[in-house]
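Listing of coords_32.cif, mmCIF, N, CA and C atoms
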data_coords
#
loop_
_atom_site.label_atom_id
_atom_site.label_comp_id
_atom_site.auth_asym_id
_atom_site.auth_seq_id
_atom_site.Cartn_x
_atom_site.Cartn_y
_atom_site.Cartn_z
N MET A 370 99.48 135.65 147.42
CA MET A 370 100.27 134.46 147.59
C MET A 370 99.63 133.29 146.85
N ILE A 371 98.31 133.07 147.03
CA ILE A 371 97.61 131.98 146.34
C ILE A 371 97.63 132.23 144.85
N ARG A 372 97.39 133.50 144.47
CA ARG A 372 97.39 133.85 143.05
C ARG A 372 98.78 133.57 142.45
N ARG A 373 99.85 133.93 143.16
CA ARG A 373 101.21 133.73 142.68
C ARG A 373 101.48 132.22 142.55
N THR A 374 101.01 131.42 143.51
CA THR A 374 101.20 129.97 143.46
C THR A 374 100.44 129.37 142.29
N LEU A 375 99.20 129.83 142.09
CA LEU A 375 98.41 129.34 140.96
C LEU A 375 99.06 129.72 139.64
N THR A 376 99.56 130.95 139.54
CA THR A 376 100.23 131.38 138.33
C THR A 376 101.46 130.52 138.08
N GLY A 377 102.21 130.22 139.11
CA GLY A 377 103.38 129.36 138.99
C GLY A 377 103.00 127.96 138.52
N LEU A 378 101.92 127.41 139.07
CA LEU A 378 101.44 126.09 138.67
C LEU A 378 100.99 126.09 137.21
N VAL A 379 100.30 127.13 136.80
CA VAL A 379 99.85 127.23 135.42
C VAL A 379 101.05 127.29 134.48
N LEU A 380 102.06 128.10 134.81
CA LEU A 380 103.25 128.21 133.98
C LEU A 380 104.02 126.89 133.94
N LEU A 381 104.12 126.23 135.09
CA LEU A 381 104.82 124.96 135.16
C LEU A 381 104.09 123.90 134.32
N THR A 382 102.75 123.87 134.41
CA THR A 382 101.95 122.93 133.63
C THR A 382 102.09 123.21 132.14
N ALA A 383 102.07 124.48 131.77
CA ALA A 383 102.23 124.85 130.35
C ALA A 383 103.60 124.42 129.84
N ALA A 384 104.63 124.66 130.63
CA ALA A 384 105.97 124.26 130.22
C ALA A 384 106.07 122.75 130.06
N PHE A 385 105.48 122.03 130.98
CA PHE A 385 105.49 120.57 130.91
C PHE A 385 104.73 120.09 129.67
N SER A 386 103.60 120.70 129.38
CA SER A 386 102.81 120.32 128.21
C SER A 386 103.58 120.57 126.92
N LEU A 387 104.25 121.72 126.82
CA LEU A 387 105.04 122.01 125.63
C LEU A 387 106.18 121.03 125.48
N SER A 388 106.82 120.68 126.59
CA SER A 388 107.91 119.72 126.55
C SER A 388 107.40 118.35 126.10
N ALA A 389 106.25 117.93 126.61
CA ALA A 389 105.67 116.64 126.23
C ALA A 389 105.28 116.64 124.77
N ALA A 390 104.71 117.75 124.30
CA ALA A 390 104.31 117.84 122.89
C ALA A 390 105.53 117.78 121.99
N SER A 391 106.58 118.47 122.39
CA SER A 391 107.81 118.43 121.60
C SER A 391 108.38 117.02 121.56
N ASN A 392 108.39 116.34 122.69
CA ASN A 392 108.90 114.97 122.73
C ASN A 392 108.02 114.02 121.93
N SER A 393 106.71 114.25 121.89
CA SER A 393 105.81 113.35 121.18
C SER A 393 106.03 113.43 119.68
N ARG A 394 106.57 114.57 119.21
CA ARG A 394 106.84 114.68 117.78
C ARG A 394 107.97 113.75 117.35
N THR A 395 108.92 113.52 118.25
CA THR A 395 110.03 112.63 117.91
C THR A 395 109.85 111.24 118.49
N ALA A 396 108.98 111.07 119.43
CA ALA A 396 108.80 109.77 120.07
C ALA A 396 108.35 108.68 119.11
N PRO A 397 107.39 108.94 118.19
CA PRO A 397 106.97 107.85 117.31
C PRO A 397 108.12 107.27 116.49
N ARG A 398 109.01 108.10 116.02
CA ARG A 398 110.12 107.60 115.23
C ARG A 398 111.01 106.72 116.10
N ALA A 399 111.33 107.18 117.32
CA ALA A 399 112.17 106.39 118.22
C ALA A 399 111.44 105.12 118.64
N ALA A 400 110.16 105.24 118.93
CA ALA A 400 109.39 104.08 119.37
C ALA A 400 109.24 103.07 118.24
N ASN A 401 109.28 103.53 117.00
CA ASN A 401 109.09 102.64 115.86
C ASN A 401 110.37 101.93 115.44
N ALA A 402 111.51 102.31 116.04
CA ALA A 402 112.79 101.73 115.64
C ALA A 402 112.73 100.21 115.62
N ALA A 403 112.06 99.62 116.57
CA ALA A 403 111.92 98.16 116.60
C ALA A 403 110.47 97.78 116.34
N GLY A 404 109.66 98.75 115.86
CA GLY A 404 108.24 98.52 115.68
C GLY A 404 107.83 98.24 114.25
N ARG A 405 106.57 98.53 113.96
CA ARG A 405 105.95 98.21 112.68
C ARG A 405 106.73 98.79 111.50
N VAL A 406 106.92 97.97 110.50
CA VAL A 406 107.59 98.40 109.28
C VAL A 406 106.71 98.05 108.08
N PHE A 407 106.92 98.79 107.02
CA PHE A 407 106.23 98.55 105.77
C PHE A 407 107.27 98.13 104.74
N GLU A 408 106.85 97.27 103.83
CA GLU A 408 107.73 96.88 102.74
C GLU A 408 107.00 97.15 101.43
N LEU A 409 107.62 97.97 100.60
CA LEU A 409 107.11 98.28 99.28
C LEU A 409 107.83 97.36 98.30
N ARG A 410 107.08 96.52 97.61
CA ARG A 410 107.67 95.55 96.68
C ARG A 410 107.19 95.87 95.26
N THR A 411 108.13 95.88 94.34
CA THR A 411 107.82 96.08 92.93
C THR A 411 108.31 94.87 92.16
N TYR A 412 107.39 94.20 91.50
CA TYR A 412 107.72 93.04 90.67
C TYR A 412 107.76 93.50 89.22
N HIS A 413 108.91 93.32 88.60
CA HIS A 413 109.09 93.61 87.17
C HIS A 413 108.76 92.31 86.45
N VAL A 414 107.61 92.31 85.81
CA VAL A 414 107.03 91.09 85.26
C VAL A 414 107.57 90.82 83.86
N ASN A 415 107.85 89.55 83.60
CA ASN A 415 108.28 89.16 82.27
C ASN A 415 107.14 89.34 81.27
N GLU A 416 107.50 89.57 80.03
CA GLU A 416 106.53 89.88 78.96
C GLU A 416 105.35 88.91 78.95
N GLY A 417 104.15 89.48 79.02
CA GLY A 417 102.93 88.69 78.91
C GLY A 417 102.57 87.88 80.14
N LYS A 418 103.23 88.10 81.27
CA LYS A 418 103.00 87.27 82.46
C LYS A 418 102.24 87.96 83.60
N LEU A 419 101.80 89.20 83.40
CA LEU A 419 101.11 89.91 84.49
C LEU A 419 99.82 89.22 84.89
N ASP A 420 99.03 88.75 83.94
CA ASP A 420 97.78 88.06 84.28
C ASP A 420 98.06 86.81 85.11
N ASP A 421 99.11 86.07 84.74
CA ASP A 421 99.47 84.86 85.50
C ASP A 421 99.93 85.23 86.91
N LEU A 422 100.69 86.32 87.03
CA LEU A 422 101.15 86.74 88.35
C LEU A 422 99.97 87.19 89.21
N ASN A 423 99.06 87.97 88.63
CA ASN A 423 97.87 88.38 89.37
C ASN A 423 97.05 87.18 89.83
N LYS A 424 96.92 86.19 88.96
CA LYS A 424 96.19 84.97 89.31
C LYS A 424 96.86 84.25 90.48
N ARG A 425 98.19 84.16 90.44
CA ARG A 425 98.91 83.48 91.52
C ARG A 425 98.71 84.21 92.84
N PHE A 426 98.77 85.54 92.82
CA PHE A 426 98.52 86.30 94.05
C PHE A 426 97.09 86.10 94.52
N ARG A 427 96.15 86.26 93.59
CA ARG A 427 94.73 86.16 93.92
C ARG A 427 94.38 84.79 94.50
N ASP A 428 94.88 83.74 93.88
CA ASP A 428 94.48 82.38 94.23
C ASP A 428 95.32 81.74 95.33
N HIS A 429 96.56 82.22 95.54
CA HIS A 429 97.45 81.52 96.47
C HIS A 429 98.30 82.43 97.35
N THR A 430 99.05 83.32 96.71
CA THR A 430 100.09 84.06 97.42
C THR A 430 99.54 84.90 98.57
N CYS A 431 98.45 85.61 98.35
CA CYS A 431 97.90 86.46 99.41
C CYS A 431 97.57 85.65 100.66
N ALA A 432 96.90 84.52 100.47
CA ALA A 432 96.54 83.68 101.62
C ALA A 432 97.79 83.14 102.33
N LEU A 433 98.78 82.77 101.56
CA LEU A 433 100.01 82.23 102.17
C LEU A 433 100.79 83.32 102.92
N LEU A 434 100.86 84.50 102.35
CA LEU A 434 101.54 85.60 103.04
C LEU A 434 100.83 85.92 104.35
N THR A 435 99.52 85.99 104.31
CA THR A 435 98.74 86.25 105.52
C THR A 435 98.94 85.14 106.55
N LYS A 436 98.94 83.91 106.09
CA LYS A 436 99.16 82.75 106.97
C LYS A 436 100.46 82.89 107.75
N HIS A 437 101.47 83.45 107.12
CA HIS A 437 102.78 83.55 107.75
C HIS A 437 103.05 84.89 108.43
N GLY A 438 102.03 85.75 108.52
CA GLY A 438 102.16 86.95 109.33
C GLY A 438 102.26 88.28 108.62
N ALA A 439 102.17 88.31 107.31
CA ALA A 439 102.21 89.58 106.59
C ALA A 439 100.83 90.23 106.62
N GLU A 440 100.81 91.53 106.78
CA GLU A 440 99.56 92.30 106.68
C GLU A 440 99.55 92.93 105.29
N LEU A 441 98.63 92.51 104.46
CA LEU A 441 98.57 93.00 103.08
C LEU A 441 97.82 94.34 103.07
N ILE A 442 98.52 95.39 102.66
CA ILE A 442 97.94 96.74 102.64
C ILE A 442 97.25 97.02 101.31
N GLY A 443 97.93 96.73 100.21
CA GLY A 443 97.32 97.01 98.91
C GLY A 443 98.22 96.58 97.77
N PHE A 444 97.60 96.46 96.59
CA PHE A 444 98.27 96.03 95.36
C PHE A 444 97.89 96.99 94.25
N TRP A 445 98.86 97.32 93.41
CA TRP A 445 98.63 98.26 92.33
C TRP A 445 99.38 97.86 91.07
N THR A 446 98.89 98.33 89.94
CA THR A 446 99.61 98.23 88.67
C THR A 446 99.64 99.64 88.07
N PRO A 447 100.74 100.02 87.46
CA PRO A 447 100.83 101.35 86.85
C PRO A 447 99.80 101.53 85.74
N THR A 448 99.37 102.76 85.57
CA THR A 448 98.38 103.07 84.53
C THR A 448 99.02 103.68 83.27
N ASP A 449 100.27 104.10 83.37
CA ASP A 449 100.93 104.75 82.25
C ASP A 449 102.09 103.89 81.74
N ASP A 450 102.26 103.86 80.42
CA ASP A 450 103.34 103.09 79.80
C ASP A 450 104.71 103.47 80.37
N LYS A 451 104.94 104.77 80.56
CA LYS A 451 106.24 105.24 81.04
C LYS A 451 106.56 104.69 82.44
N ASP A 452 105.55 104.27 83.18
CA ASP A 452 105.75 103.75 84.54
C ASP A 452 105.71 102.22 84.60
N GLY A 453 105.52 101.58 83.45
CA GLY A 453 105.53 100.12 83.41
C GLY A 453 104.16 99.48 83.32
N LYS A 454 103.22 100.16 82.70
CA LYS A 454 101.87 99.60 82.54
C LYS A 454 101.98 98.21 81.90
N GLY A 455 101.33 97.23 82.54
CA GLY A 455 101.34 95.86 82.04
C GLY A 455 102.62 95.09 82.33
N LYS A 456 103.56 95.76 83.00
CA LYS A 456 104.86 95.13 83.24
C LYS A 456 105.29 95.15 84.70
N LYS A 457 104.44 95.69 85.58
CA LYS A 457 104.80 95.79 87.00
C LYS A 457 103.60 95.48 87.88
N LEU A 458 103.90 94.87 89.00
CA LEU A 458 102.95 94.73 90.10
C LEU A 458 103.63 95.34 91.31
N ILE A 459 102.96 96.29 91.95
CA ILE A 459 103.51 96.98 93.11
C ILE A 459 102.58 96.71 94.28
N TYR A 460 103.17 96.30 95.41
CA TYR A 460 102.32 96.10 96.58
C TYR A 460 103.02 96.50 97.85
N LEU A 461 102.19 96.73 98.88
CA LEU A 461 102.66 97.18 100.17
C LEU A 461 102.19 96.20 101.23
N VAL A 462 103.15 95.74 102.03
CA VAL A 462 102.84 94.85 103.15
C VAL A 462 103.40 95.47 104.42
N ALA A 463 102.83 95.07 105.56
CA ALA A 463 103.30 95.56 106.86
C ALA A 463 103.60 94.38 107.76
N PHE A 464 104.54 94.62 108.67
CA PHE A 464 104.95 93.62 109.64
C PHE A 464 105.12 94.30 110.99
N PRO A 465 104.95 93.55 112.07
CA PRO A 465 105.13 94.15 113.40
C PRO A 465 106.54 94.69 113.64
N SER A 466 107.53 94.13 112.96
CA SER A 466 108.92 94.57 113.10
C SER A 466 109.73 94.05 111.92
N ARG A 467 110.95 94.52 111.81
CA ARG A 467 111.84 94.05 110.74
C ARG A 467 112.17 92.57 110.96
N ASP A 468 112.34 92.17 112.22
CA ASP A 468 112.60 90.76 112.52
C ASP A 468 111.40 89.89 112.14
N ALA A 469 110.20 90.40 112.38
CA ALA A 469 108.99 89.66 112.00
C ALA A 469 108.91 89.51 110.48
N ALA A 470 109.31 90.55 109.75
CA ALA A 470 109.32 90.47 108.28
C ALA A 470 110.28 89.38 107.81
N LYS A 471 111.45 89.37 108.41
CA LYS A 471 112.45 88.35 108.05
C LYS A 471 111.91 86.95 108.32
N ALA A 472 111.28 86.76 109.47
CA ALA A 472 110.72 85.45 109.82
C ALA A 472 109.57 85.07 108.89
N THR A 473 108.74 86.05 108.53
CA THR A 473 107.62 85.79 107.62
C THR A 473 108.12 85.34 106.26
N TRP A 474 109.07 86.07 105.70
CA TRP A 474 109.58 85.71 104.37
C TRP A 474 110.26 84.35 104.39
N LYS A 475 110.95 84.04 105.47
CA LYS A 475 111.61 82.73 105.58
C LYS A 475 110.58 81.61 105.61
N ALA A 476 109.57 81.75 106.48
CA ALA A 476 108.52 80.73 106.60
C ALA A 476 107.73 80.59 105.30
N PHE A 477 107.43 81.72 104.68
CA PHE A 477 106.71 81.71 103.40
C PHE A 477 107.51 80.96 102.35
N GLY A 478 108.80 81.27 102.22
CA GLY A 478 109.65 80.63 101.22
C GLY A 478 109.82 79.14 101.43
N GLU A 479 109.71 78.70 102.68
CA GLU A 479 109.87 77.28 102.99
C GLU A 479 108.55 76.51 103.01
N ASP A 480 107.44 77.22 102.87
CA ASP A 480 106.13 76.58 102.93
C ASP A 480 105.97 75.61 101.74
N PRO A 481 105.67 74.34 102.01
CA PRO A 481 105.51 73.37 100.91
C PRO A 481 104.43 73.76 99.91
N GLU A 482 103.36 74.36 100.39
CA GLU A 482 102.29 74.80 99.47
C GLU A 482 102.81 75.88 98.53
N TRP A 483 103.60 76.85 99.07
CA TRP A 483 104.16 77.90 98.23
C TRP A 483 105.09 77.31 97.18
N ARG A 484 105.93 76.38 97.59
CA ARG A 484 106.89 75.78 96.66
C ARG A 484 106.16 75.07 95.51
N LYS A 485 105.06 74.42 95.84
CA LYS A 485 104.26 73.75 94.82
C LYS A 485 103.62 74.77 93.86
N VAL A 486 103.01 75.81 94.45
CA VAL A 486 102.36 76.87 93.65
C VAL A 486 103.38 77.57 92.77
N TYR A 487 104.54 77.88 93.33
CA TYR A 487 105.60 78.56 92.60
C TYR A 487 106.03 77.74 91.39
N ALA A 488 106.30 76.46 91.62
CA ALA A 488 106.73 75.58 90.52
C ALA A 488 105.65 75.46 89.45
N GLU A 489 104.42 75.30 89.88
CA GLU A 489 103.29 75.17 88.95
C GLU A 489 103.13 76.43 88.11
N SER A 490 103.30 77.60 88.74
CA SER A 490 103.10 78.87 88.03
C SER A 490 104.20 79.15 87.00
N HIS A 491 105.29 78.41 87.06
CA HIS A 491 106.40 78.63 86.13
C HIS A 491 106.45 77.60 85.00
N LYS A 492 105.45 76.76 84.90
CA LYS A 492 105.45 75.73 83.86
C LYS A 492 105.49 76.33 82.45
N ASN A 493 104.90 77.50 82.29
CA ASN A 493 104.89 78.16 80.98
C ASN A 493 105.83 79.36 80.93
N GLY A 494 106.82 79.36 81.80
CA GLY A 494 107.80 80.44 81.83
C GLY A 494 107.80 81.19 83.15
N VAL A 495 108.95 81.75 83.48
CA VAL A 495 109.13 82.51 84.71
C VAL A 495 108.29 83.78 84.66
N LEU A 496 107.59 84.09 85.75
CA LEU A 496 106.68 85.23 85.78
C LEU A 496 107.39 86.56 86.04
N VAL A 497 108.37 86.55 86.94
CA VAL A 497 108.99 87.80 87.39
C VAL A 497 110.48 87.79 87.09
N GLY A 498 110.95 88.88 86.48
CA GLY A 498 112.36 88.99 86.17
C GLY A 498 113.18 89.62 87.27
N LYS A 499 112.56 90.52 88.04
CA LYS A 499 113.28 91.26 89.07
C LYS A 499 112.29 91.72 90.13
N VAL A 500 112.75 91.73 91.39
CA VAL A 500 111.94 92.23 92.51
C VAL A 500 112.72 93.33 93.21
N ASP A 501 112.10 94.49 93.36
CA ASP A 501 112.67 95.56 94.17
C ASP A 501 111.93 95.58 95.50
N SER A 502 112.66 95.72 96.58
CA SER A 502 112.08 95.75 97.92
C SER A 502 112.65 96.92 98.69
N VAL A 503 111.75 97.71 99.29
CA VAL A 503 112.16 98.85 100.11
C VAL A 503 111.42 98.76 101.44
N PHE A 504 112.18 98.66 102.54
CA PHE A 504 111.57 98.70 103.86
C PHE A 504 111.47 100.15 104.31
N MET A 505 110.34 100.48 104.93
CA MET A 505 110.07 101.86 105.32
C MET A 505 109.45 101.88 106.72
N GLU A 506 109.70 102.99 107.42
CA GLU A 506 109.01 103.22 108.68
C GLU A 506 108.21 104.50 108.53
N PRO A 507 107.07 104.59 109.22
CA PRO A 507 106.26 105.80 109.09
C PRO A 507 106.90 107.00 109.77
N THR A 508 106.67 108.15 109.20
CA THR A 508 107.12 109.39 109.84
C THR A 508 106.18 109.71 110.99
N ASP A 509 106.56 110.65 111.82
CA ASP A 509 105.72 111.02 112.97
C ASP A 509 104.41 111.68 112.53
N TYR A 510 104.34 112.18 111.29
CA TYR A 510 103.12 112.84 110.81
C TYR A 510 102.32 111.97 109.84
N SER A 511 102.74 110.73 109.68
CA SER A 511 102.04 109.82 108.78
C SER A 511 100.70 109.41 109.36
N ALA A 512 99.67 109.40 108.52
CA ALA A 512 98.36 108.92 108.97
C ALA A 512 98.37 107.42 109.20
N MET A 513 99.22 106.72 108.48
CA MET A 513 99.32 105.26 108.62
C MET A 513 100.56 104.94 109.42
N LYS A 514 100.38 104.25 110.51
CA LYS A 514 101.51 103.91 111.38
C LYS A 514 101.68 102.40 111.44
#

Output the structure of this file as structure tokens.
Amino acid sequence: MIRRTLTGLVLLTAAFSLSAASNSRTAPRAANAAGRVFELRTYHVNEGKLDDLNKRFRDHTCALLTKHGAELIGFWTPTDDKDGKGKKLIYLVAFPSRDAAKATWKAFGEDPEWRKVYAESHKNGVLVGKVDSVFMEPTDYSAMK
């Protein structure tokens, strides 16, 4: 009787554990629906303006984005001509939520310091011709959440 009860408890515990594990595989995606998001931004830089754009990010933009709530993950430039070497800046930022991203970009765009830096950086021509933006959420198996 005790052995049968213990066996039943072990089977019940195993079934519960499998059910929890199965749910945990889908839970991060559901839990992230209103959670942390990443934004991949690609700046298509006007001819000869990549150094100026890098300087603006280095000297001003990064600090201003951080000030307004963006988490700067990383910045890259392509290494091959076919991918836009010398003509693109690609970066990844994270926000606590999509709403937070919207609020960050709004506050950043309205920041008087940003407006001054932006105008100053365009005195010798516009730096960026086009911006691509993709919002992403991590998969349940992503190392970065």

Place a sphere of radius 8 Å on (101.2, 90.8, 83.0) in the file coordinates and name every protein, DNA or RNA residue with an atom inside or on its surface, counting only N, CA and C atoms; give the answer as a list in words. Val414, Asn415, Glu416, Gly417, Lys418, Leu419, Asp420, Asp421, Leu422, Asn423, Lys454, Gly455, Lys456, Lys457 and Leu458 of chain A

Take the residues from that selection and put them in a file with N, CA and C atoms, as an mmCIF file, in the coordinates of the input.
data_model
loop_
_atom_site.group_PDB
_atom_site.id
_atom_site.type_symbol
_atom_site.label_atom_id
_atom_site.label_comp_id
_atom_site.auth_asym_id
_atom_site.auth_seq_id
_atom_site.Cartn_x
_atom_site.Cartn_y
_atom_site.Cartn_z
ATOM 1 N N VAL A 414 107.610 92.310 85.810
ATOM 2 C CA VAL A 414 107.030 91.090 85.260
ATOM 3 C C VAL A 414 107.570 90.820 83.860
ATOM 4 N N ASN A 415 107.850 89.550 83.600
ATOM 5 C CA ASN A 415 108.280 89.160 82.270
ATOM 6 C C ASN A 415 107.140 89.340 81.270
ATOM 7 N N GLU A 416 107.500 89.570 80.030
ATOM 8 C CA GLU A 416 106.530 89.880 78.960
ATOM 9 C C GLU A 416 105.350 88.910 78.950
ATOM 10 N N GLY A 417 104.150 89.480 79.020
ATOM 11 C CA GLY A 417 102.930 88.690 78.910
ATOM 12 C C GLY A 417 102.570 87.880 80.140
ATOM 13 N N LYS A 418 103.230 88.100 81.270
ATOM 14 C CA LYS A 418 103.000 87.270 82.460
ATOM 15 C C LYS A 418 102.240 87.960 83.600
ATOM 16 N N LEU A 419 101.800 89.200 83.400
ATOM 17 C CA LEU A 419 101.110 89.910 84.490
ATOM 18 C C LEU A 419 99.820 89.220 84.890
ATOM 19 N N ASP A 420 99.030 88.750 83.940
ATOM 20 C CA ASP A 420 97.780 88.060 84.280
ATOM 21 C C ASP A 420 98.060 86.810 85.110
ATOM 22 N N ASP A 421 99.110 86.070 84.740
ATOM 23 C CA ASP A 421 99.470 84.860 85.500
ATOM 24 C C ASP A 421 99.930 85.230 86.910
ATOM 25 N N LEU A 422 100.690 86.320 87.030
ATOM 26 C CA LEU A 422 101.150 86.740 88.350
ATOM 27 C C LEU A 422 99.970 87.190 89.210
ATOM 28 N N ASN A 423 99.060 87.970 88.630
ATOM 29 C CA ASN A 423 97.870 88.380 89.370
ATOM 30 C C ASN A 423 97.050 87.180 89.830
ATOM 31 N N LYS A 454 103.220 100.160 82.700
ATOM 32 C CA LYS A 454 101.870 99.600 82.540
ATOM 33 C C LYS A 454 101.980 98.210 81.900
ATOM 34 N N GLY A 455 101.330 97.230 82.540
ATOM 35 C CA GLY A 455 101.340 95.860 82.040
ATOM 36 C C GLY A 455 102.620 95.090 82.330
ATOM 37 N N LYS A 456 103.560 95.760 83.000
ATOM 38 C CA LYS A 456 104.860 95.130 83.240
ATOM 39 C C LYS A 456 105.290 95.150 84.700
ATOM 40 N N LYS A 457 104.440 95.690 85.580
ATOM 41 C CA LYS A 457 104.800 95.790 87.000
ATOM 42 C C LYS A 457 103.600 95.480 87.880
ATOM 43 N N LEU A 458 103.900 94.870 89.000
ATOM 44 C CA LEU A 458 102.950 94.730 90.100
ATOM 45 C C LEU A 458 103.630 95.340 91.310
#

Of the candidates A:Ala439, A:Ile459, A:Ala476, A:Val503, which one gets nearest to A:Glu408 if we count only C-alpha atoms?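 For A:Glu408, the nearest of the given residues is A:Val503.
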
Coordinates of box centre and edge lengths for stretch 451-466 of chain A, 5 Å on every side, axis-aligned, as lines of an AutoDock Vina configuration file:
center_x = 105.5
center_y = 99.4
center_z = 97.1
size_x = 18.4
size_y = 21.7
size_z = 43.1

Extract, using all atoms listed in the file, all DNA, RNA and protein residues at most 6 Å from A:Tyr460, discarding same-chain residues fewer than 2 positions from it, and format them as number ranges by chain. A: 408-411, 443-445, 458, 462

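Separating atom C of A:Glu489 from atom CA of A:Arg425 is a distance of 8.9 Å.
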
Run DSSP on the backbone of this structure and report the residues of stretch 397-460 of chain A it assigns to alpha helix (DSSP H), as a ChimeraX atom specification. /A:397-400,419-425,431-436

Determine the nearest neighbour of A:Val497 from the options A:Arg405, A:Pro465, A:His413, A:Met513, counting all atoms listed in the file.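 Using all atoms listed in the file, the shortest distance to A:Val497 belongs to A:His413.
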
Minimum-distance residue to A:Ala472, chosen among A:Asp449, A:His437, A:Gly498, A:Pro507 (using only N, CA and C atoms):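 Checking each candidate against A:Ala472, we get A:His437 as the closest.
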
Record the distance separating atom C of A:Ala469 and atom C of A:Gly438, expressed in Å with one decimal. 7.0 Å

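When atom N of A:Ser466 is paired with atom CA of A:Val500, their separation reads 21.0 Å.
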
Please provide the set of residues having any atom within 8 Å of A:His429, restricted to only N, CA and C atoms, with same-chain residues fewer than 6 positions apart removed, written as a list in words.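 In the requested form, the answer reads Asn423, Thr435, Trp483 and Val486 of chain A.
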
Out of A:Asp468, A:Ala463, A:Tyr510, A:Lys424, which residue has the shortest atom-to-atom distance to A:Glu440 when counting all atoms listed in the file?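 Going through A:Asp468, A:Ala463, A:Tyr510, A:Lys424 one by one, the smallest distance to A:Glu440 is for A:Ala463.
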
Which residue of A:Val495, A:Leu434, A:Leu441, A:Asp509 approaches A:Trp474 most closely, using all atoms listed in the file: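 That would be A:Leu434, the residue with the smallest distance to A:Trp474.
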